[in-house]
Amino acid sequence: MEKEVMIVTGAGQISMAIARRMGYGKKIVMGDKNIHNAKTIAEIMNNAGFDVEPVEMDLSSRESIKALISKAQEYGKITMLVNGAGVSPSQAPVEVIFKVDLYGTAILLEEVGKVIASGGVGVTISSQSGKRMPQLTAEEDALLACTPTEELLSLDLLQPENIKDTLHAYQMAKRCNEKRVMAEAVKWGERGARLNSISPGIIVTPLAIDEFNGPRGDFYKNMFAKCPAGRPGTADEVANVAELLMSDKGAFITGTDFMCDGGATASYYYGALKPQE
């Protein structure tokens, strides 16, 4: 018997929280570059009554993404996408951040957009970090949104001489995610489907713990201490936003980005986190 299928990329805490919230009754095909991670999450969820199949998948490879989609199609029509895959500024060099977080996400949204079922919906996890870099020009935003995927990494604004460090690369990738979602949502809409992004702040996950222990650890700890919420967030709180966006309650929401950052971005511009000039 065919099932509706949810594709999940990135076997992490946020992906699992959203999959648990929205994946009941569906076949969940979970891809991760580290198959051990995918198997671990699959075991946890399957023991809780879900139907999850772990698959090895490299977000930076179009062929790997297409193979994941083909596997998902074996079970039925694809009605949901949750993209939680990515690397952080402390985990990878500039080139890898761009190849995975920027280029890989663009490919995934494009390829799933070719097959998503009518009434389908997707969310991709971006980051409030993309809101903290200077605004780009309208022309630069349009390039990030609409440049053919195979030409993205050749854009002048993404060349090494124009990127300060891995944090800047990560911010640029997340800005691209936001703009790419807007452009792809138009195409998804032609199939009767919706697409949005969520930009979390400091969420306690293994990736965040890497950041806490990395070179910018004090910065991040200061961020959640001084944001209006006064604490880091949880994966379930991101899933709360995803539930709105992916359910019928979000039927009129597509092509947009929702921040879930405890007010950190607001404080960065207008509060205690504002950089000293």
# chains A, B, ... in the order shown; residues from 1 in each chain; ligands from 1
>>> closest_atom_pairs(of="segment 68-89 of chain A", to="segment 5-15 of chain A", cutoff="8 Å", atoms="only C-alpha atoms", output="CSV")
residue,atom,partner,partner_atom,distance
A:Ile69,CA,A:Ile7,CA,7.7
A:Ala72,CA,A:Val5,CA,6.5
A:Gln73,CA,A:Val5,CA,7.7
A:Tyr75,CA,A:Val5,CA,6.9
A:Gly76,CA,A:Val5,CA,6.1
A:Lys77,CA,A:Val5,CA,5.9
A:Ile78,CA,A:Val5,CA,4.6
A:Thr79,CA,A:Val5,CA,5.8
A:Met80,CA,A:Met6,CA,4.5
A:Leu81,CA,A:Ile7,CA,4.8
A:Val82,CA,A:Val8,CA,4.7
A:Asn83,CA,A:Thr9,CA,4.9
A:Gly84,CA,A:Gly10,CA,4.8
A:Ala85,CA,A:Gly10,CA,3.8
A:Gly86,CA,A:Gly10,CA,7.1
>>> write_last_selection(atoms="C-alpha atoms", output="JSON list (two decimals), in the first residue's frame")
[["chain", "number", "residue", "atom", "x", "y", "z"],
["A", 69, "ILE", "CA", 14.22, 11.24, -3.99],
["A", 72, "ALA", "CA", 11.29, 8.06, -1.45],
["A", 73, "GLN", "CA", 9.19, 7.66, -4.58],
["A", 75, "TYR", "CA", 6.86, 4.27, -1.29],
["A", 76, "GLY", "CA", 4.39, 6.78, -2.70],
["A", 77, "LYS", "CA", 3.95, 10.45, -3.46],
["A", 78, "ILE", "CA", 6.23, 12.95, -1.76],
["A", 79, "THR", "CA", 4.10, 15.34, 0.25],
["A", 80, "MET", "CA", 6.58, 16.81, 2.75],
["A", 81, "LEU", "CA", 10.19, 17.95, 2.82],
["A", 82, "VAL", "CA", 12.16, 18.82, 5.95],
["A", 83, "ASN", "CA", 15.69, 20.01, 5.24],
["A", 84, "GLY", "CA", 17.76, 20.18, 8.39],
["A", 85, "ALA", "CA", 21.11, 19.26, 6.84],
["A", 86, "GLY", "CA", 24.06, 21.61, 7.03]]
>>> select_by_dssp(residues="segment 34-192 of chain A", states="strand (DSSP E or B)", output="list in words")
Asp51, Val52, Glu53, Pro54, Val55, Glu56, Ile78, Thr79, Met80, Leu81, Val82, Asn83, Val121, Gly122, Val123, Thr124 and Ile125 of chain A
>>> write_last_selection(atoms="C-alpha atoms", output="PDB file, in the first residue's frame")
ATOM      1  CA  ASP A  51       8.055   4.399   9.907  1.00  0.00           C
ATOM      2  CA  VAL A  52      11.533   5.698   9.131  1.00  0.00           C
ATOM      3  CA  GLU A  53      14.069   4.409   6.627  1.00  0.00           C
ATOM      4  CA  PRO A  54      17.638   5.719   6.960  1.00  0.00           C
ATOM      5  CA  VAL A  55      19.535   6.494   3.748  1.00  0.00           C
ATOM      6  CA  GLU A  56      23.092   7.690   3.182  1.00  0.00           C
ATOM      7  CA  ILE A  78       6.231  12.949  -1.762  1.00  0.00           C
ATOM      8  CA  THR A  79       4.096  15.344   0.246  1.00  0.00           C
ATOM      9  CA  MET A  80       6.578  16.806   2.745  1.00  0.00           C
ATOM     10  CA  LEU A  81      10.193  17.945   2.822  1.00  0.00           C
ATOM     11  CA  VAL A  82      12.161  18.823   5.948  1.00  0.00           C
ATOM     12  CA  ASN A  83      15.692  20.010   5.239  1.00  0.00           C
ATOM     13  CA  VAL A 121       4.772  21.453   1.741  1.00  0.00           C
ATOM     14  CA  GLY A 122       8.423  21.941   2.594  1.00  0.00           C
ATOM     15  CA  VAL A 123      10.507  23.680   5.218  1.00  0.00           C
ATOM     16  CA  THR A 124      14.230  24.259   5.158  1.00  0.00           C
ATOM     17  CA  ILE A 125      16.190  25.242   8.235  1.00  0.00           C
TER      18      ILE A 125
END
>>> residues_around(residues="Asp257 of chain A", least_positions_apart="2", cutoff="6 Å", atoms="only C-alpha atoms", output="PyMOL selection string")
chain A and resi 196-198
>>> write_last_selection(atoms="C-alpha atoms", output="short mmCIF file (atom, residue, chain, number, x, y, z; two decimals), in the first residue's frame")
data_model
loop_
_atom_site.label_atom_id
_atom_site.label_comp_id
_atom_site.auth_asym_id
_atom_site.auth_seq_id
_atom_site.Cartn_x
_atom_site.Cartn_y
_atom_site.Cartn_z
CA ASN A 196 9.07 28.20 3.61
CA SER A 197 12.20 28.51 5.72
CA ILE A 198 12.75 28.79 9.46
#
>>> atom_distance(atom1="atom CA of Ala251 of chain A", atom2="atom CA of Ala266 of chain A")
27.3 Å
>>> closest_residue(among="A:Ile202, A:Leu109, A:Leu158, A:Ala229", to="Trp188 of chain A", atoms="only C-alpha atoms")
A:Leu109
>>> closest_residue(among="A:Ile41, A:Met22, A:Ala169, A:Leu59", to="Ala92 of chain A", atoms="only C-alpha atoms")
A:Ala169
>>> residues_around(residues="Ala183 of chain A", least_positions_apart="5", cutoff="9 Å", atoms="only C-alpha atoms", output="short mmCIF file (atom, residue, chain, number, x, y, z; two decimals) with N, CA, C and O atoms, in the first residue's frame")
data_model
loop_
_atom_site.label_atom_id
_atom_site.label_comp_id
_atom_site.auth_asym_id
_atom_site.auth_seq_id
_atom_site.Cartn_x
_atom_site.Cartn_y
_atom_site.Cartn_z
N ALA A 142 18.78 39.05 -6.03
CA ALA A 142 18.19 38.38 -7.19
C ALA A 142 19.12 37.30 -7.74
O ALA A 142 18.68 36.23 -8.17
N ALA A 145 18.84 34.36 -5.51
CA ALA A 145 17.53 33.72 -5.64
C ALA A 145 17.38 32.94 -6.94
O ALA A 145 16.81 31.84 -6.93
N CYS A 146 17.90 33.47 -8.03
CA CYS A 146 17.50 32.97 -9.35
C CYS A 146 18.62 32.39 -10.22
O CYS A 146 18.33 31.81 -11.27
N GLY A 255 6.81 30.93 0.66
CA GLY A 255 7.85 31.82 0.14
C GLY A 255 8.40 32.79 1.16
O GLY A 255 8.92 33.84 0.80
#
>>> closest_residue(among="A:Arg180, A:Glu190, A:Asp261, A:Ile35", to="Leu143 of chain A", atoms="only C-alpha atoms")
A:Arg180
>>> closest_residue(among="A:Lys26, A:Lys226, A:Lys249, A:Lys99", to="Val87 of chain A", atoms="only C-alpha atoms")
A:Lys99
>>> select_by_dssp(residues="segment 60-117 of chain A", states="alpha helix (DSSP H)", output="list in words")
Arg62, Glu63, Ser64, Ile65, Lys66, Ala67, Leu68, Ile69, Ser70, Lys71, Ala72, Gln73, Val94, Glu95, Val96, Ile97, Thr105, Ala106, Ile107, Leu108, Leu109, Glu110, Glu111, Val112 and Gly113 of chain A
>>> write_last_selection(atoms="C-alpha atoms", output="PDB file, in the first residue's frame")
ATOM      1  CA  ARG A  62      22.913  16.380  -6.982  1.00  0.00           C
ATOM      2  CA  GLU A  63      23.157  12.682  -7.829  1.00  0.00           C
ATOM      3  CA  SER A  64      22.943  11.744  -4.157  1.00  0.00           C
ATOM      4  CA  ILE A  65      19.893  13.966  -3.697  1.00  0.00           C
ATOM      5  CA  LYS A  66      18.217  12.470  -6.760  1.00  0.00           C
ATOM      6  CA  ALA A  67      18.908   8.972  -5.425  1.00  0.00           C
ATOM      7  CA  LEU A  68      17.252   9.917  -2.129  1.00  0.00           C
ATOM      8  CA  ILE A  69      14.215  11.241  -3.990  1.00  0.00           C
ATOM      9  CA  SER A  70      14.021   8.062  -6.081  1.00  0.00           C
ATOM     10  CA  LYS A  71      14.098   5.951  -2.918  1.00  0.00           C
ATOM     11  CA  ALA A  72      11.294   8.063  -1.450  1.00  0.00           C
ATOM     12  CA  GLN A  73       9.186   7.663  -4.585  1.00  0.00           C
ATOM     13  CA  VAL A  94      34.341  28.257   3.535  1.00  0.00           C
ATOM     14  CA  GLU A  95      34.258  26.024   0.463  1.00  0.00           C
ATOM     15  CA  VAL A  96      32.410  23.227   2.257  1.00  0.00           C
ATOM     16  CA  ILE A  97      29.915  25.618   3.854  1.00  0.00           C
ATOM     17  CA  THR A 105      20.123  23.386  -0.288  1.00  0.00           C
ATOM     18  CA  ALA A 106      19.439  25.035  -3.648  1.00  0.00           C
ATOM     19  CA  ILE A 107      19.670  21.678  -5.422  1.00  0.00           C
ATOM     20  CA  LEU A 108      17.418  19.963  -2.896  1.00  0.00           C
ATOM     21  CA  LEU A 109      14.684  22.587  -3.168  1.00  0.00           C
ATOM     22  CA  GLU A 110      14.926  22.448  -6.950  1.00  0.00           C
ATOM     23  CA  GLU A 111      14.839  18.653  -7.266  1.00  0.00           C
ATOM     24  CA  VAL A 112      12.063  18.079  -4.714  1.00  0.00           C
ATOM     25  CA  GLY A 113      10.158  20.917  -6.347  1.00  0.00           C
TER      26      GLY A 113
END
>>> closest_residue(among="A:Gly230, A:Pro215, A:Gly250, A:Gly263", to="Arg194 of chain A", atoms="only C-alpha atoms")
A:Gly250
>>> atom_distance(atom1="atom CA of Phe212 of chain A", atom2="atom CA of Ser267 of chain A")
19.5 Å
>>> residues_around(residues="Val204 of chain A", least_positions_apart="3", cutoff="12 Å", atoms="only C-alpha atoms", output="PDB file with all heavy atoms, in the first residue's frame")
ATOM      1  N   GLY A  12      19.360  15.177  12.639  1.00  0.00           N
ATOM      2  CA  GLY A  12      19.694  15.905  13.854  1.00  0.00           C
ATOM      3  C   GLY A  12      18.471  16.151  14.707  1.00  0.00           C
ATOM      4  O   GLY A  12      17.364  15.700  14.398  1.00  0.00           O
ATOM      5  N   GLN A  13      18.662  16.892  15.795  1.00  0.00           N
ATOM      6  CA  GLN A  13      17.585  17.109  16.758  1.00  0.00           C
ATOM      7  C   GLN A  13      16.427  17.902  16.170  1.00  0.00           C
ATOM      8  O   GLN A  13      15.259  17.592  16.430  1.00  0.00           O
ATOM      9  CB  GLN A  13      18.144  17.825  17.992  1.00  0.00           C
ATOM     10  CG  GLN A  13      19.137  17.009  18.790  1.00  0.00           C
ATOM     11  CD  GLN A  13      18.523  15.756  19.370  1.00  0.00           C
ATOM     12  OE1 GLN A  13      17.431  15.801  19.949  1.00  0.00           O
ATOM     13  NE2 GLN A  13      19.193  14.632  19.216  1.00  0.00           N
ATOM     14  N   ILE A  14      16.716  18.945  15.382  1.00  0.00           N
ATOM     15  CA  ILE A  14      15.631  19.745  14.803  1.00  0.00           C
ATOM     16  C   ILE A  14      14.866  18.927  13.780  1.00  0.00           C
ATOM     17  O   ILE A  14      13.624  18.917  13.770  1.00  0.00           O
ATOM     18  CB  ILE A  14      16.190  21.045  14.193  1.00  0.00           C
ATOM     19  CG1 ILE A  14      16.708  21.970  15.304  1.00  0.00           C
ATOM     20  CG2 ILE A  14      15.111  21.759  13.369  1.00  0.00           C
ATOM     21  CD1 ILE A  14      17.368  23.240  14.800  1.00  0.00           C
ATOM     22  N   PRO A 200      16.249  29.618  12.951  1.00  0.00           N
ATOM     23  CA  PRO A 200      16.388  29.522  14.409  1.00  0.00           C
ATOM     24  C   PRO A 200      17.556  30.368  14.911  1.00  0.00           C
ATOM     25  O   PRO A 200      18.494  30.677  14.176  1.00  0.00           O
ATOM     26  CB  PRO A 200      16.671  28.033  14.645  1.00  0.00           C
ATOM     27  CG  PRO A 200      16.351  27.350  13.347  1.00  0.00           C
ATOM     28  CD  PRO A 200      16.602  28.371  12.284  1.00  0.00           C
ATOM     29  N   GLY A 201      17.481  30.691  16.177  1.00  0.00           N
ATOM     30  CA  GLY A 201      18.612  31.287  16.863  1.00  0.00           C
ATOM     31  C   GLY A 201      19.433  30.179  17.508  1.00  0.00           C
ATOM     32  O   GLY A 201      19.652  29.128  16.906  1.00  0.00           O
ATOM     33  N   LEU A 207      25.220  20.384  17.103  1.00  0.00           N
ATOM     34  CA  LEU A 207      25.872  21.413  16.290  1.00  0.00           C
ATOM     35  C   LEU A 207      26.107  22.676  17.118  1.00  0.00           C
ATOM     36  O   LEU A 207      27.179  23.284  17.067  1.00  0.00           O
ATOM     37  CB  LEU A 207      25.024  21.725  15.057  1.00  0.00           C
ATOM     38  CG  LEU A 207      25.599  22.713  14.022  1.00  0.00           C
ATOM     39  CD1 LEU A 207      25.114  22.334  12.617  1.00  0.00           C
ATOM     40  CD2 LEU A 207      25.175  24.146  14.325  1.00  0.00           C
ATOM     41  N   ALA A 208      25.100  23.075  17.889  1.00  0.00           N
ATOM     42  CA  ALA A 208      25.245  24.275  18.718  1.00  0.00           C
ATOM     43  C   ALA A 208      26.317  24.076  19.780  1.00  0.00           C
ATOM     44  O   ALA A 208      27.078  25.004  20.092  1.00  0.00           O
ATOM     45  CB  ALA A 208      23.913  24.615  19.377  1.00  0.00           C
ATOM     46  N   ILE A 209      26.388  22.874  20.329  1.00  0.00           N
ATOM     47  CA  ILE A 209      27.411  22.602  21.339  1.00  0.00           C
ATOM     48  C   ILE A 209      28.805  22.722  20.727  1.00  0.00           C
ATOM     49  O   ILE A 209      29.744  23.217  21.374  1.00  0.00           O
ATOM     50  CB  ILE A 209      27.182  21.211  21.966  1.00  0.00           C
ATOM     51  CG1 ILE A 209      25.894  21.249  22.807  1.00  0.00           C
ATOM     52  CG2 ILE A 209      28.366  20.799  22.830  1.00  0.00           C
ATOM     53  CD1 ILE A 209      25.425  19.908  23.307  1.00  0.00           C
ATOM     54  N   ASP A 210      28.958  22.306  19.450  1.00  0.00           N
ATOM     55  CA  ASP A 210      30.224  22.518  18.749  1.00  0.00           C
ATOM     56  C   ASP A 210      30.560  24.007  18.710  1.00  0.00           C
ATOM     57  O   ASP A 210      31.717  24.407  18.876  1.00  0.00           O
ATOM     58  CB  ASP A 210      30.143  21.979  17.316  1.00  0.00           C
ATOM     59  CG  ASP A 210      30.305  20.473  17.242  1.00  0.00           C
ATOM     60  OD1 ASP A 210      30.723  19.874  18.248  1.00  0.00           O
ATOM     61  OD2 ASP A 210      30.004  19.910  16.178  1.00  0.00           O
ATOM     62  N   GLU A 211      29.530  24.824  18.461  1.00  0.00           N
ATOM     63  CA  GLU A 211      29.753  26.271  18.418  1.00  0.00           C
ATOM     64  C   GLU A 211      30.098  26.820  19.799  1.00  0.00           C
ATOM     65  O   GLU A 211      30.976  27.675  19.935  1.00  0.00           O
ATOM     66  CB  GLU A 211      28.515  26.978  17.852  1.00  0.00           C
ATOM     67  CG  GLU A 211      28.286  26.743  16.371  1.00  0.00           C
ATOM     68  CD  GLU A 211      29.440  27.223  15.523  1.00  0.00           C
ATOM     69  OE1 GLU A 211      29.904  28.359  15.721  1.00  0.00           O
ATOM     70  OE2 GLU A 211      29.894  26.459  14.658  1.00  0.00           O
ATOM     71  N   PHE A 212      29.414  26.341  20.840  1.00  0.00           N
ATOM     72  CA  PHE A 212      29.707  26.801  22.203  1.00  0.00           C
ATOM     73  C   PHE A 212      31.166  26.524  22.565  1.00  0.00           C
ATOM     74  O   PHE A 212      31.798  27.298  23.291  1.00  0.00           O
ATOM     75  CB  PHE A 212      28.801  26.099  23.226  1.00  0.00           C
ATOM     76  CG  PHE A 212      27.344  26.425  23.105  1.00  0.00           C
ATOM     77  CD1 PHE A 212      26.394  25.575  23.644  1.00  0.00           C
ATOM     78  CD2 PHE A 212      26.910  27.581  22.472  1.00  0.00           C
ATOM     79  CE1 PHE A 212      25.036  25.863  23.546  1.00  0.00           C
ATOM     80  CE2 PHE A 212      25.566  27.878  22.365  1.00  0.00           C
ATOM     81  CZ  PHE A 212      24.620  27.018  22.901  1.00  0.00           C
ATOM     82  N   TYR A 220      28.344  33.281  21.278  1.00  0.00           N
ATOM     83  CA  TYR A 220      27.046  32.625  21.251  1.00  0.00           C
ATOM     84  C   TYR A 220      26.422  32.548  22.648  1.00  0.00           C
ATOM     85  O   TYR A 220      25.207  32.731  22.808  1.00  0.00           O
ATOM     86  CB  TYR A 220      27.157  31.228  20.634  1.00  0.00           C
ATOM     87  CG  TYR A 220      27.351  31.277  19.137  1.00  0.00           C
ATOM     88  CD1 TYR A 220      28.575  30.950  18.559  1.00  0.00           C
ATOM     89  CD2 TYR A 220      26.323  31.684  18.294  1.00  0.00           C
ATOM     90  CE1 TYR A 220      28.764  31.021  17.191  1.00  0.00           C
ATOM     91  CE2 TYR A 220      26.494  31.760  16.923  1.00  0.00           C
ATOM     92  CZ  TYR A 220      27.720  31.420  16.375  1.00  0.00           C
ATOM     93  OH  TYR A 220      27.900  31.494  15.021  1.00  0.00           O
ATOM     94  N   LYS A 221      27.229  32.270  23.648  1.00  0.00           N
ATOM     95  CA  LYS A 221      26.702  32.228  25.013  1.00  0.00           C
ATOM     96  C   LYS A 221      26.185  33.612  25.426  1.00  0.00           C
ATOM     97  O   LYS A 221      25.153  33.736  26.091  1.00  0.00           O
ATOM     98  CB  LYS A 221      27.783  31.750  25.975  1.00  0.00           C
ATOM     99  CG  LYS A 221      28.154  30.285  25.771  1.00  0.00           C
ATOM    100  CD  LYS A 221      29.377  29.892  26.596  1.00  0.00           C
ATOM    101  CE  LYS A 221      29.824  28.482  26.280  1.00  0.00           C
ATOM    102  NZ  LYS A 221      31.075  28.110  26.986  1.00  0.00           N
ATOM    103  N   PHE A 224      22.601  34.283  23.710  1.00  0.00           N
ATOM    104  CA  PHE A 224      21.357  33.812  24.321  1.00  0.00           C
ATOM    105  C   PHE A 224      21.163  34.372  25.729  1.00  0.00           C
ATOM    106  O   PHE A 224      20.043  34.493  26.210  1.00  0.00           O
ATOM    107  CB  PHE A 224      21.218  32.284  24.257  1.00  0.00           C
ATOM    108  CG  PHE A 224      22.129  31.465  25.118  1.00  0.00           C
ATOM    109  CD1 PHE A 224      21.980  31.455  26.494  1.00  0.00           C
ATOM    110  CD2 PHE A 224      23.102  30.650  24.553  1.00  0.00           C
ATOM    111  CE1 PHE A 224      22.792  30.669  27.283  1.00  0.00           C
ATOM    112  CE2 PHE A 224      23.912  29.857  25.343  1.00  0.00           C
ATOM    113  CZ  PHE A 224      23.762  29.865  26.718  1.00  0.00           C
ATOM    114  N   ARG A 231      17.595  32.835  27.134  1.00  0.00           N
ATOM    115  CA  ARG A 231      17.971  31.422  27.151  1.00  0.00           C
ATOM    116  C   ARG A 231      18.090  30.915  25.720  1.00  0.00           C
ATOM    117  O   ARG A 231      17.576  31.544  24.790  1.00  0.00           O
ATOM    118  CB  ARG A 231      16.911  30.591  27.880  1.00  0.00           C
ATOM    119  CG  ARG A 231      15.526  30.637  27.195  1.00  0.00           C
ATOM    120  CD  ARG A 231      14.559  29.648  27.813  1.00  0.00           C
ATOM    121  NE  ARG A 231      13.226  29.742  27.208  1.00  0.00           N
ATOM    122  CZ  ARG A 231      12.865  29.128  26.088  1.00  0.00           C
ATOM    123  NH1 ARG A 231      13.730  28.381  25.427  1.00  0.00           N
ATOM    124  NH2 ARG A 231      11.632  29.251  25.627  1.00  0.00           N
ATOM    125  N   PRO A 232      18.733  29.774  25.526  1.00  0.00           N
ATOM    126  CA  PRO A 232      18.706  29.145  24.199  1.00  0.00           C
ATOM    127  C   PRO A 232      17.361  28.462  23.988  1.00  0.00           C
ATOM    128  O   PRO A 232      16.592  28.258  24.945  1.00  0.00           O
ATOM    129  CB  PRO A 232      19.843  28.124  24.273  1.00  0.00           C
ATOM    130  CG  PRO A 232      19.936  27.771  25.720  1.00  0.00           C
ATOM    131  CD  PRO A 232      19.581  29.034  26.475  1.00  0.00           C
ATOM    132  N   GLY A 233      17.073  28.122  22.746  1.00  0.00           N
ATOM    133  CA  GLY A 233      15.819  27.456  22.438  1.00  0.00           C
ATOM    134  C   GLY A 233      15.988  25.945  22.367  1.00  0.00           C
ATOM    135  O   GLY A 233      17.087  25.406  22.534  1.00  0.00           O
ATOM    136  N   THR A 234      14.882  25.273  22.116  1.00  0.00           N
ATOM    137  CA  THR A 234      14.893  23.823  21.975  1.00  0.00           C
ATOM    138  C   THR A 234      14.390  23.437  20.590  1.00  0.00           C
ATOM    139  O   THR A 234      13.677  24.197  19.933  1.00  0.00           O
ATOM    140  CB  THR A 234      13.992  23.150  23.026  1.00  0.00           C
ATOM    141  OG1 THR A 234      12.620  23.500  22.756  1.00  0.00           O
ATOM    142  CG2 THR A 234      14.372  23.588  24.428  1.00  0.00           C
ATOM    143  N   ALA A 235      14.756  22.225  20.178  1.00  0.00           N
ATOM    144  CA  ALA A 235      14.316  21.733  18.868  1.00  0.00           C
ATOM    145  C   ALA A 235      12.799  21.675  18.791  1.00  0.00           C
ATOM    146  O   ALA A 235      12.207  21.935  17.724  1.00  0.00           O
ATOM    147  CB  ALA A 235      14.928  20.348  18.606  1.00  0.00           C
ATOM    148  N   ASP A 236      12.137  21.360  19.896  1.00  0.00           N
ATOM    149  CA  ASP A 236      10.671  21.287  19.876  1.00  0.00           C
ATOM    150  C   ASP A 236      10.038  22.647  19.619  1.00  0.00           C
ATOM    151  O   ASP A 236       8.946  22.724  19.043  1.00  0.00           O
ATOM    152  CB  ASP A 236      10.159  20.701  21.191  1.00  0.00           C
ATOM    153  CG  ASP A 236      10.380  19.201  21.259  1.00  0.00           C
ATOM    154  OD1 ASP A 236       9.874  18.484  20.380  1.00  0.00           O
ATOM    155  OD2 ASP A 236      11.072  18.737  22.178  1.00  0.00           O
ATOM    156  N   GLU A 237      10.715  23.711  20.029  1.00  0.00           N
ATOM    157  CA  GLU A 237      10.173  25.046  19.759  1.00  0.00           C
ATOM    158  C   GLU A 237      10.281  25.387  18.276  1.00  0.00           C
ATOM    159  O   GLU A 237       9.418  26.087  17.731  1.00  0.00           O
ATOM    160  CB  GLU A 237      10.887  26.077  20.631  1.00  0.00           C
ATOM    161  CG  GLU A 237      10.483  25.957  22.098  1.00  0.00           C
ATOM    162  CD  GLU A 237      11.251  26.890  23.016  1.00  0.00           C
ATOM    163  OE1 GLU A 237      12.492  26.803  23.048  1.00  0.00           O
ATOM    164  OE2 GLU A 237      10.607  27.689  23.727  1.00  0.00           O
ATOM    165  N   VAL A 238      11.315  24.896  17.621  1.00  0.00           N
ATOM    166  CA  VAL A 238      11.392  25.055  16.158  1.00  0.00           C
ATOM    167  C   VAL A 238      10.296  24.225  15.498  1.00  0.00           C
ATOM    168  O   VAL A 238       9.659  24.654  14.533  1.00  0.00           O
ATOM    169  CB  VAL A 238      12.782  24.640  15.635  1.00  0.00           C
ATOM    170  CG1 VAL A 238      12.842  24.801  14.112  1.00  0.00           C
ATOM    171  CG2 VAL A 238      13.875  25.461  16.305  1.00  0.00           C
ATOM    172  N   ASP A 261      14.191  32.941  17.271  1.00  0.00           N
ATOM    173  CA  ASP A 261      15.519  33.201  17.836  1.00  0.00           C
ATOM    174  C   ASP A 261      15.502  33.847  19.205  1.00  0.00           C
ATOM    175  O   ASP A 261      16.522  34.370  19.666  1.00  0.00           O
ATOM    176  CB  ASP A 261      16.332  34.069  16.865  1.00  0.00           C
ATOM    177  CG  ASP A 261      15.861  35.515  16.798  1.00  0.00           C
ATOM    178  OD1 ASP A 261      14.725  35.793  17.240  1.00  0.00           O
ATOM    179  OD2 ASP A 261      16.619  36.365  16.298  1.00  0.00           O
TER     180      ASP A 261
END
>>> decode(residues="segment 52-64 of chain A", atoms="N, CA, C and O atoms", output="short mmCIF file (atom, residue, chain, number, x, y, z; two decimals), in the first residue's frame")
data_model
loop_
_atom_site.label_atom_id
_atom_site.label_comp_id
_atom_site.auth_asym_id
_atom_site.auth_seq_id
_atom_site.Cartn_x
_atom_site.Cartn_y
_atom_site.Cartn_z
N VAL A 52 10.39 4.93 9.63
CA VAL A 52 11.53 5.70 9.13
C VAL A 52 12.54 4.77 8.48
O VAL A 52 12.90 3.73 9.05
N GLU A 53 12.99 5.15 7.29
CA GLU A 53 14.07 4.41 6.63
C GLU A 53 15.29 5.31 6.49
O GLU A 53 15.21 6.38 5.86
N PRO A 54 16.42 4.91 7.07
CA PRO A 54 17.64 5.72 6.96
C PRO A 54 18.33 5.48 5.63
O PRO A 54 18.38 4.35 5.13
N VAL A 55 18.86 6.57 5.04
CA VAL A 55 19.54 6.49 3.75
C VAL A 55 20.79 7.36 3.80
O VAL A 55 20.75 8.48 4.33
N GLU A 56 21.88 6.87 3.28
CA GLU A 56 23.09 7.69 3.18
C GLU A 56 22.91 8.71 2.06
O GLU A 56 22.55 8.35 0.94
N MET A 57 23.15 9.98 2.36
CA MET A 57 22.89 11.04 1.40
C MET A 57 23.83 12.21 1.63
O MET A 57 24.04 12.63 2.77
N ASP A 58 24.40 12.72 0.56
CA ASP A 58 25.32 13.85 0.62
C ASP A 58 24.62 15.06 0.01
O ASP A 58 24.34 15.09 -1.19
N LEU A 59 24.32 16.06 0.85
CA LEU A 59 23.57 17.23 0.38
C LEU A 59 24.33 18.01 -0.69
O LEU A 59 23.72 18.72 -1.48
N SER A 60 25.65 17.87 -0.74
CA SER A 60 26.43 18.64 -1.73
C SER A 60 26.44 17.97 -3.11
O SER A 60 27.04 18.50 -4.04
N SER A 61 25.77 16.83 -3.26
CA SER A 61 25.78 16.07 -4.52
C SER A 61 24.38 15.97 -5.11
O SER A 61 23.47 15.42 -4.48
N ARG A 62 24.22 16.48 -6.32
CA ARG A 62 22.91 16.38 -6.98
C ARG A 62 22.52 14.92 -7.19
O ARG A 62 21.36 14.54 -6.98
N GLU A 63 23.47 14.09 -7.59
CA GLU A 63 23.16 12.68 -7.83
C GLU A 63 22.70 11.99 -6.55
O GLU A 63 21.80 11.16 -6.56
N SER A 64 23.33 12.33 -5.44
CA SER A 64 22.94 11.74 -4.16
C SER A 64 21.54 12.19 -3.76
O SER A 64 20.73 11.39 -3.26
#
